[in-house]
$ cat coords-v7.txt   # compact mmCIF, C-alpha atoms
# COMPACT_ATOMS: atom_id res chain seq x y z
CA MET E 1 -10.66 13.10 3.37
CA HIS E 2 -9.66 9.49 2.72
CA LEU E 3 -8.42 8.15 -0.63
CA TYR E 4 -8.83 4.69 -2.17
CA ILE E 5 -6.93 3.77 -5.34
CA HIS E 6 -7.79 0.60 -7.26
CA ILE E 7 -5.23 -1.46 -9.16
CA PRO E 8 -7.22 -3.93 -11.28
CA PHE E 9 -4.44 -6.21 -12.50
CA CYS E 10 -3.83 -9.80 -11.34
CA GLU E 11 -1.62 -12.69 -12.42
CA SER E 12 -4.63 -15.00 -12.28
CA LYS E 13 -8.24 -14.88 -11.13
CA CYS E 14 -8.95 -16.55 -7.80
CA PHE E 15 -11.92 -18.88 -7.97
CA TYR E 16 -14.00 -17.01 -5.33
CA CYS E 17 -13.15 -13.44 -6.37
CA SER E 18 -15.83 -11.06 -7.68
CA PHE E 19 -13.66 -7.91 -7.63
CA THR E 20 -12.68 -6.25 -10.88
CA SER E 21 -9.35 -7.79 -11.88
CA LEU E 22 -7.71 -8.25 -15.27
CA LYS E 23 -4.50 -9.58 -16.75
CA LYS E 24 -1.85 -6.85 -16.77
CA LYS E 25 -0.95 -7.14 -20.46
CA ASP E 26 0.29 -3.83 -21.86
CA PHE E 27 -2.03 -1.41 -20.04
CA GLU E 28 0.29 -0.26 -17.25
CA LYS E 29 1.34 3.06 -18.83
CA ASP E 30 -2.15 3.96 -20.08
CA TYR E 31 -3.70 3.05 -16.74
CA LEU E 32 -1.20 5.18 -14.81
CA ASN E 33 -1.90 8.17 -17.05
CA ALA E 34 -5.65 7.72 -16.59
CA LEU E 35 -5.23 7.27 -12.85
CA MET E 36 -3.23 10.49 -12.56
CA GLN E 37 -5.95 12.39 -14.44
CA ASP E 38 -8.58 10.83 -12.19
CA ILE E 39 -6.78 11.68 -8.93
CA LYS E 40 -6.04 15.26 -9.95
CA TYR E 41 -9.62 15.84 -11.07
CA GLN E 42 -11.10 14.39 -7.86
CA LEU E 43 -8.86 16.43 -5.56
CA ASP E 44 -9.87 19.54 -7.47
CA PHE E 45 -13.56 18.56 -7.54
CA PHE E 46 -13.65 18.17 -3.75
CA LYS E 47 -11.50 21.31 -3.32
CA LEU E 48 -8.97 19.56 -1.12
CA ASP E 49 -6.38 21.72 0.59
CA LYS E 50 -2.83 20.77 1.46
CA ASN E 51 -2.49 18.24 4.30
CA SER E 52 -6.11 17.13 3.85
CA ILE E 53 -5.73 13.40 3.05
CA LYS E 54 -5.86 11.37 6.26
CA THR E 55 -5.42 7.84 4.86
CA ILE E 56 -4.63 6.16 1.55
CA PHE E 57 -5.48 2.57 0.70
CA ILE E 58 -4.27 0.97 -2.53
CA GLY E 59 -6.21 -2.22 -3.21
CA GLY E 60 -6.94 -4.56 -6.05
CA GLY E 61 -6.48 -6.69 -7.91
CA THR E 62 -2.88 -7.18 -6.98
CA PRO E 63 -1.10 -3.87 -6.31
CA SER E 64 2.22 -5.69 -5.75
CA LEU E 65 2.27 -6.57 -9.47
CA MET E 66 3.08 -2.95 -10.26
CA SER E 67 6.62 -1.65 -10.01
CA VAL E 68 7.53 0.95 -7.41
CA ASN E 69 8.05 3.42 -10.27
CA PHE E 70 4.33 3.15 -11.00
CA TYR E 71 3.50 4.46 -7.51
CA GLU E 72 6.32 6.98 -7.37
CA LYS E 73 4.62 9.36 -9.82
CA ILE E 74 1.38 9.19 -7.83
CA PHE E 75 3.12 9.86 -4.52
CA ILE E 76 5.17 12.77 -5.81
CA PHE E 77 1.91 14.46 -6.77
CA LEU E 78 0.08 13.53 -3.53
CA GLN E 79 2.91 14.45 -1.17
CA SER E 80 1.69 17.93 -0.26
CA TYR E 81 -1.87 16.67 0.32
CA LEU E 82 -0.86 14.11 2.94
CA GLN E 83 -1.29 14.73 6.64
CA LYS E 84 1.63 13.92 8.91
CA ASN E 85 1.66 10.49 10.57
CA ASN E 86 -1.07 9.24 8.28
CA GLU E 87 -1.83 5.63 7.40
CA ILE E 88 -0.83 4.54 3.88
CA SER E 89 -1.78 0.94 3.07
CA ILE E 90 -1.11 -1.31 0.10
CA GLU E 91 -2.25 -4.84 -0.67
CA ALA E 92 0.24 -7.47 -1.80
CA ASN E 93 0.41 -11.15 -2.66
CA PRO E 94 3.19 -13.37 -1.27
CA ASN E 95 4.36 -14.43 -4.73
CA SER E 96 4.67 -10.90 -6.16
CA SER E 97 6.30 -8.96 -3.32
CA ASN E 98 9.99 -9.74 -2.89
CA PHE E 99 12.27 -7.96 -0.40
CA SER E 100 13.47 -5.38 -2.94
CA TRP E 101 9.89 -4.35 -3.80
CA LEU E 102 8.89 -4.22 -0.14
CA LYS E 103 11.90 -2.11 0.81
CA GLU E 104 11.33 0.36 -2.03
CA ILE E 105 7.60 0.65 -1.36
CA LYS E 106 8.34 1.29 2.33
CA ASN E 107 10.86 3.99 1.41
CA LEU E 108 8.23 5.60 -0.81
CA GLY E 109 6.04 6.22 2.24
CA PHE E 110 3.82 3.17 2.71
CA ASN E 111 3.55 2.19 6.37
CA ARG E 112 0.92 -0.57 6.32
CA ILE E 113 0.88 -3.68 4.15
CA SER E 114 -1.87 -6.27 3.72
CA PHE E 115 -0.97 -9.73 2.41
CA GLY E 116 -3.63 -11.74 0.59
CA VAL E 117 -2.76 -15.10 2.13
CA GLN E 118 -6.24 -16.69 2.51
CA SER E 119 -4.85 -19.96 3.90
CA PHE E 120 -1.70 -21.69 5.14
CA HIS E 121 -2.89 -25.09 3.94
CA GLU E 122 -1.67 -26.22 0.50
CA LYS E 123 -4.88 -28.09 -0.34
CA LYS E 124 -7.05 -25.14 0.60
CA LEU E 125 -4.84 -22.72 -1.35
CA GLN E 126 -5.35 -24.86 -4.45
CA PHE E 127 -9.08 -25.07 -3.80
CA LEU E 128 -9.32 -21.26 -3.64
CA GLY E 129 -7.23 -20.80 -6.78
CA ARG E 130 -4.30 -19.13 -5.04
CA ILE E 131 -0.91 -19.34 -6.78
CA HIS E 132 1.43 -19.05 -3.77
CA ASP E 133 2.48 -21.69 -1.26
CA GLN E 134 2.90 -21.70 2.51
CA LYS E 135 6.65 -21.09 2.39
CA SER E 136 6.20 -17.84 0.45
CA ILE E 137 3.80 -16.56 3.14
CA PHE E 138 6.40 -16.80 5.89
CA THR E 139 9.08 -15.41 3.59
CA SER E 140 6.90 -12.39 2.72
CA ILE E 141 6.14 -11.59 6.36
CA GLU E 142 9.82 -11.88 7.26
CA ASN E 143 10.82 -9.65 4.31
CA ALA E 144 8.18 -7.05 5.21
CA LYS E 145 9.59 -6.80 8.73
CA LYS E 146 13.14 -6.53 7.39
CA ALA E 147 11.94 -3.76 5.07
CA GLY E 148 10.69 -1.81 8.09
CA PHE E 149 6.96 -2.57 8.17
CA ASN E 150 5.52 -2.68 11.68
CA ASN E 151 1.86 -2.62 10.64
CA ILE E 152 1.21 -5.87 8.77
CA ASN E 153 -2.14 -7.49 7.95
CA LEU E 154 -2.80 -11.01 6.78
CA ASP E 155 -6.07 -12.10 5.09
CA LEU E 156 -7.62 -15.50 5.75
CA ILE E 157 -10.76 -17.16 4.35
CA TYR E 158 -12.89 -19.62 6.32
CA ASP E 159 -16.21 -21.47 6.03
CA THR E 160 -15.16 -23.31 2.88
CA LYS E 161 -16.21 -26.93 2.38
CA LEU E 162 -12.69 -27.96 3.45
CA ASP E 163 -12.98 -26.28 6.83
CA ASP E 164 -13.53 -28.30 9.96
CA SER E 165 -12.09 -27.81 13.44
CA LYS E 166 -8.89 -29.61 12.43
CA MET E 167 -8.35 -27.36 9.40
CA LEU E 168 -9.08 -24.16 11.32
CA ASP E 169 -6.83 -25.22 14.19
CA TYR E 170 -4.09 -25.80 11.60
CA GLU E 171 -4.58 -22.24 10.31
CA ILE E 172 -4.37 -20.90 13.87
CA SER E 173 -1.22 -22.91 14.62
CA LYS E 174 0.54 -21.29 11.65
CA LEU E 175 -0.83 -17.84 12.43
CA ALA E 176 0.58 -18.21 15.95
CA LEU E 177 4.07 -18.42 14.45
CA ILE E 178 3.78 -14.93 12.95
CA ASP E 179 3.99 -11.74 15.01
CA ILE E 180 1.92 -9.22 13.06
CA SER E 181 -0.43 -6.36 13.96
CA HIS E 182 -3.67 -7.30 12.22
CA VAL E 183 -5.68 -10.24 10.88
CA SER E 184 -8.65 -10.16 8.50
CA ALA E 185 -10.76 -13.33 8.47
CA TYR E 186 -13.42 -13.43 5.77
CA ASN E 187 -16.33 -15.79 5.61
CA LEU E 188 -16.43 -17.33 2.11
CA THR E 189 -19.23 -15.90 -0.04
CA ILE E 190 -20.42 -17.51 -3.25
CA GLU E 191 -20.56 -14.74 -5.87
CA GLU E 192 -21.93 -14.60 -9.39
CA LYS E 193 -19.48 -14.45 -12.31
CA THR E 194 -16.83 -16.39 -10.39
CA ARG E 195 -15.57 -19.98 -10.67
CA PHE E 196 -17.51 -20.70 -7.48
CA ALA E 197 -20.80 -19.32 -8.81
CA LYS E 198 -23.80 -21.58 -8.09
CA LYS E 199 -21.55 -24.03 -6.22
CA ASN E 200 -23.21 -23.37 -2.91
CA HIS E 201 -21.90 -26.65 -1.50
CA TYR E 202 -18.41 -25.10 -1.57
CA LYS E 203 -19.51 -23.06 1.47
CA LYS E 204 -19.95 -24.94 4.74
CA ASN E 205 -22.36 -22.55 6.55
CA ALA E 206 -21.13 -23.57 10.01
CA PRO E 207 -21.76 -20.88 12.67
CA ARG E 208 -20.14 -22.96 15.43
CA LEU E 209 -16.92 -23.26 13.44
CA ALA E 210 -17.00 -19.52 12.76
CA LYS E 211 -17.27 -18.81 16.51
CA HIS E 212 -14.46 -21.28 17.17
CA PHE E 213 -12.20 -19.61 14.60
CA ILE E 214 -12.95 -16.07 15.80
CA LYS E 215 -12.33 -17.03 19.42
CA ALA E 216 -9.04 -18.69 18.48
CA ILE E 217 -7.85 -15.57 16.64
CA GLU E 218 -8.73 -13.43 19.67
CA ASN E 219 -6.89 -15.86 21.94
CA LEU E 220 -3.73 -15.04 19.96
CA GLY E 221 -4.15 -11.42 21.05
CA TYR E 222 -5.97 -9.97 18.03
CA LYS E 223 -9.03 -8.21 19.43
CA GLN E 224 -12.04 -8.25 17.10
CA TYR E 225 -13.27 -4.76 16.21
CA GLU E 226 -15.35 -5.59 13.12
CA ILE E 227 -17.00 -8.76 11.87
CA SER E 228 -13.93 -9.68 9.78
CA ASN E 229 -11.13 -7.63 11.35
CA PHE E 230 -8.89 -8.14 14.38
CA GLY E 231 -5.95 -6.34 15.96
CA GLN E 232 -4.57 -2.85 15.37
CA ILE E 233 -7.44 -0.86 13.87
CA CYS E 234 -7.14 0.05 10.19
CA LYS E 235 -7.91 3.77 10.17
CA HIS E 236 -8.92 3.76 6.51
CA ASN E 237 -11.53 1.02 6.90
CA LEU E 238 -12.75 2.58 10.14
CA ALA E 239 -13.55 5.74 8.16
CA TYR E 240 -15.84 3.70 5.87
CA TRP E 241 -17.77 2.32 8.83
CA GLN E 242 -18.03 5.76 10.42
CA GLY E 243 -19.63 7.14 7.24
CA LYS E 244 -16.74 9.52 6.55
CA ASP E 245 -16.18 11.03 3.09
CA TYR E 246 -13.73 9.24 0.82
CA ILE E 247 -12.55 9.46 -2.77
CA GLY E 248 -12.34 6.35 -4.95
CA CYS E 249 -10.03 6.45 -8.00
CA GLY E 250 -9.32 3.77 -10.57
CA LEU E 251 -11.33 1.19 -12.47
CA SER E 252 -14.56 0.18 -10.65
CA ALA E 253 -13.66 2.38 -7.67
CA VAL E 254 -16.36 3.82 -5.40
CA GLY E 255 -16.37 7.12 -3.54
CA PHE E 256 -18.70 8.72 -1.02
CA SER E 257 -19.48 12.25 0.14
CA LYS E 258 -22.33 13.48 2.35
CA ASN E 259 -25.35 11.84 0.68
CA GLN E 260 -23.87 10.75 -2.65
CA ARG E 261 -21.96 7.70 -3.86
CA PHE E 262 -19.73 7.92 -6.91
CA TYR E 263 -18.89 5.08 -9.31
CA THR E 264 -16.17 5.03 -11.98
CA LYS E 265 -16.29 3.10 -15.26
CA LYS E 266 -16.22 -0.71 -14.98
CA ASN E 267 -14.63 -1.42 -18.36
CA LEU E 268 -10.86 -0.85 -18.59
CA LYS E 269 -10.85 0.77 -22.02
CA ASP E 270 -13.80 2.97 -21.06
CA TYR E 271 -12.03 4.03 -17.87
CA ILE E 272 -8.78 4.85 -19.67
CA ALA E 273 -10.74 6.89 -22.22
CA ASN E 274 -12.71 8.79 -19.57
CA PRO E 275 -11.18 8.39 -16.09
CA CYS E 276 -12.94 11.42 -14.61
CA PHE E 277 -16.44 10.08 -15.30
CA ARG E 278 -18.63 9.35 -12.29
CA GLU E 279 -22.05 7.78 -12.08
CA VAL E 280 -23.75 9.39 -9.09
CA GLU E 281 -26.13 7.66 -6.70
CA ASN E 282 -28.14 9.98 -4.47
CA LEU E 283 -28.91 8.62 -1.02
CA ASN E 284 -31.84 9.81 1.07
CA SER E 285 -31.94 10.02 4.85
CA LYS E 286 -33.46 6.52 5.10
CA ASP E 287 -30.66 5.05 2.98
CA LEU E 288 -28.02 6.70 5.14
CA CYS E 289 -29.69 5.52 8.35
CA LEU E 290 -29.85 1.93 7.08
CA GLU E 291 -26.15 2.05 6.27
CA HIS E 292 -25.36 3.45 9.70
CA ILE E 293 -27.31 0.62 11.36
CA PHE E 294 -25.73 -2.07 9.19
CA LEU E 295 -22.15 -0.82 9.53
CA GLY E 296 -22.52 0.14 13.17
CA LEU E 297 -23.74 -3.29 14.23
CA ARG E 298 -20.89 -5.12 12.49
CA SER E 299 -18.18 -2.98 14.08
CA ILE E 300 -17.11 -1.11 17.22
CA ILE E 301 -18.81 2.01 15.83
CA GLY E 302 -22.22 1.05 17.17
CA VAL E 303 -25.54 2.73 16.36
CA ASP E 304 -26.26 6.30 17.44
CA GLU E 305 -29.73 6.47 19.01
CA THR E 306 -30.31 9.95 17.55
CA LYS E 307 -30.25 8.47 14.04
CA LEU E 308 -33.06 6.02 14.78
CA ASP E 309 -36.76 6.73 14.37
CA PRO E 310 -39.02 5.96 17.38
CA LEU E 311 -39.85 2.39 16.26
CA GLU E 312 -36.22 1.57 15.45
CA LYS E 313 -35.12 2.92 18.81
CA GLU E 314 -37.80 0.88 20.57
CA LYS E 315 -36.51 -2.28 18.87
CA ALA E 316 -32.91 -1.43 19.78
CA ILE E 317 -33.90 -0.92 23.42
CA PHE E 318 -35.71 -4.28 23.36
CA LEU E 319 -32.55 -5.99 22.04
CA SER E 320 -30.45 -4.35 24.73
CA LYS E 321 -32.82 -5.63 27.43
CA LYS E 322 -32.46 -9.11 25.93
CA GLY E 323 -28.67 -8.84 26.10
CA LYS E 324 -28.16 -8.76 22.33
CA LEU E 325 -26.99 -5.13 22.38
CA VAL E 326 -25.20 -2.98 24.93
CA TYR E 327 -26.43 0.61 25.43
CA LYS E 328 -23.83 3.14 26.54
CA ASN E 329 -23.76 6.95 26.28
CA GLY E 330 -26.40 7.11 23.58
CA ILE E 331 -24.87 4.31 21.45
CA PHE E 332 -26.11 0.74 20.92
CA TYR E 333 -23.21 -1.71 20.56
CA ASN E 334 -23.42 -5.23 19.17
CA THR E 335 -22.05 -8.04 21.37
CA ASN E 336 -21.97 -10.69 18.62
CA TYR E 337 -20.91 -9.50 15.16
CA LEU E 338 -21.97 -12.80 13.58
CA LEU E 339 -25.57 -11.74 14.26
CA SER E 340 -25.11 -8.24 12.82
CA ASP E 341 -27.18 -8.77 9.67
CA GLU E 342 -30.09 -10.32 11.55
CA LEU E 343 -30.04 -7.56 14.18
CA ALA E 344 -29.86 -4.84 11.53
CA LEU E 345 -32.79 -6.39 9.67
CA TYR E 346 -34.85 -6.60 12.86
CA ILE E 347 -34.25 -2.96 13.79
CA SER E 348 -34.76 -1.51 10.33
CA THR E 349 -37.92 -3.36 9.21
$ encode --input "coords-v7.txt" --output "structure tokens"
Amino acid sequence: MHLYIHIPFCESKCFYCSFTSLKKKDFEKDYLNALMQDIKYQLDFFKLDKNSIKTIFIGGGTPSLMSVNFYEKIFIFLQSYLQKNNEISIEANPNSSNFSWLKEIKNLGFNRISFGVQSFHEKKLQFLGRIHDQKSIFTSIENAKKAGFNNINLDLIYDTKLDDSKMLDYEISKLALIDISHVSAYNLTIEEKTRFAKKNHYKKNAPRLAKHFIKAIENLGYKQYEISNFGQICKHNLAYWQGKDYIGCGLSAVGFSKNQRFYTKKNLKDYIANPCFREVENLNSKDLCLEHIFLGLRSIIGVDETKLDPLEKEKAIFLSKKGKLVYKNGIFYNTNYLLSDELALYIST
């Protein structure tokens, strides 16, 4: 089993962000108590044995806003459930993760850290609503290494209205100065209920620039294995794309098991009052097949031919003959992740 824990608190709301995030205020203690109830209930509900959790991912929000003491209680409880040599990730922002915090969080058992950088360029950082500067990015990476982290990710955003070849080359030139294990590069999406909502002109929609950026990241030695991910494979995210079971705990968290998806409360006070509540979505075989096609074509997972109906398989074979897919040992693999949505739509409709 894989475990995701959501920390919903942020110092400020980034202009593009549609994830559940709130000001920290005075909810830390109540949220921790609710989270502990939630985790204990879920482990019991799924009848997990000792050494049964393969990966943990703590995301947000901004997990680095919380003190190490906040996570210590969680990890003391989870200790016996963890497999040996597992992957334990946490997200952090450059401005809220000093060396002391990084060292303590590493000593607690975290072995992978993901920095929400988004850009090295000061103008672009301001445009996105980020509250750190370029200097703090390099300082955070250096401190993470000093703290003992060998598995470090850095998030970047591209395809904004500010992006042209000069801007993206600038991002690459700064990325080249950092020796890390993983890069996530996300294409800007315009989401409802954000500062960027309805401002479609904030997104450039430039496929050629996207290809240029992806190629440049790969040229630095970060091999692309999913549409937005490069480098040393994140085992936790890989489990999502493989359709593995996972537990989601915390406000607005999502879990999945067999043919069901589980949703927690989306309002903080409601979650604190009833953290064990789950809204259940039942998925039929068609739903699961569509997800397999979609996720398989945007990652190294590929699409298993045995999960396709005759017409879908015929379309996949056609695409492989046209050089859009590669067929190997019963699996169809995508050769261009930027076309994954179009290919998935073609096969499934």
$ closest_residue --input "coords-v7.txt" --among "E:Phe99, E:Tyr246, E:Phe318, E:Trp241" --to "E:Arg261" --atoms "all atoms listed in the file"
E:Tyr246
$ residues_around --input "coords-v7.txt" --residues "E:Ala253" --least-positions-apart "4" --cutoff "6 Å" --atoms "all atoms listed in the file" --output "number ranges by chain"
E: 248-249, 264
$ write_last_selection --input "coords-v7.txt" --atoms "C-alpha atoms" --output "PDB file, keeping the file's coordinate frame"
ATOM      1  CA  GLY E 248     -12.340   6.350  -4.950  1.00  0.00           C
ATOM      2  CA  CYS E 249     -10.030   6.450  -8.000  1.00  0.00           C
ATOM      3  CA  THR E 264     -16.170   5.030 -11.980  1.00  0.00           C
TER       4      THR E 264
END
$ residues_near_point --input "coords-v7.txt" --point "(-10.7, 3.4, -3.5)" --cutoff "8 Å" --atoms "all atoms listed in the file" --output "PyMOL selection string"
chain E and resi 3-6+57-59+246-250+253-255
$ write_last_selection --input "coords-v7.txt" --atoms "C-alpha atoms" --output "mmCIF file, keeping the file's coordinate frame"
data_model
loop_
_atom_site.group_PDB
_atom_site.id
_atom_site.type_symbol
_atom_site.label_atom_id
_atom_site.label_comp_id
_atom_site.auth_asym_id
_atom_site.auth_seq_id
_atom_site.Cartn_x
_atom_site.Cartn_y
_atom_site.Cartn_z
ATOM 1 C CA LEU E 3 -8.420 8.150 -0.630
ATOM 2 C CA TYR E 4 -8.830 4.690 -2.170
ATOM 3 C CA ILE E 5 -6.930 3.770 -5.340
ATOM 4 C CA HIS E 6 -7.790 0.600 -7.260
ATOM 5 C CA PHE E 57 -5.480 2.570 0.700
ATOM 6 C CA ILE E 58 -4.270 0.970 -2.530
ATOM 7 C CA GLY E 59 -6.210 -2.220 -3.210
ATOM 8 C CA TYR E 246 -13.730 9.240 0.820
ATOM 9 C CA ILE E 247 -12.550 9.460 -2.770
ATOM 10 C CA GLY E 248 -12.340 6.350 -4.950
ATOM 11 C CA CYS E 249 -10.030 6.450 -8.000
ATOM 12 C CA GLY E 250 -9.320 3.770 -10.570
ATOM 13 C CA ALA E 253 -13.660 2.380 -7.670
ATOM 14 C CA VAL E 254 -16.360 3.820 -5.400
ATOM 15 C CA GLY E 255 -16.370 7.120 -3.540
#
$ atom_distance --input "coords-v7.txt" --atom1 "atom CA of E:Asp309" --atom2 "atom CA of E:Thr349"
11.4 Å
$ residues_around --input "coords-v7.txt" --residues "E:Asn107" --least-positions-apart "3" --cutoff "10 Å" --atoms "only C-alpha atoms" --output "NGL selection string"
:E and (68 or 101-104 or 110-111 or 147-148)
$ closest_residue --input "coords-v7.txt" --among "E:Lys321, E:His182, E:His121, E:Lys166" --to "E:Tyr222" --atoms "all atoms listed in the file"
E:His182
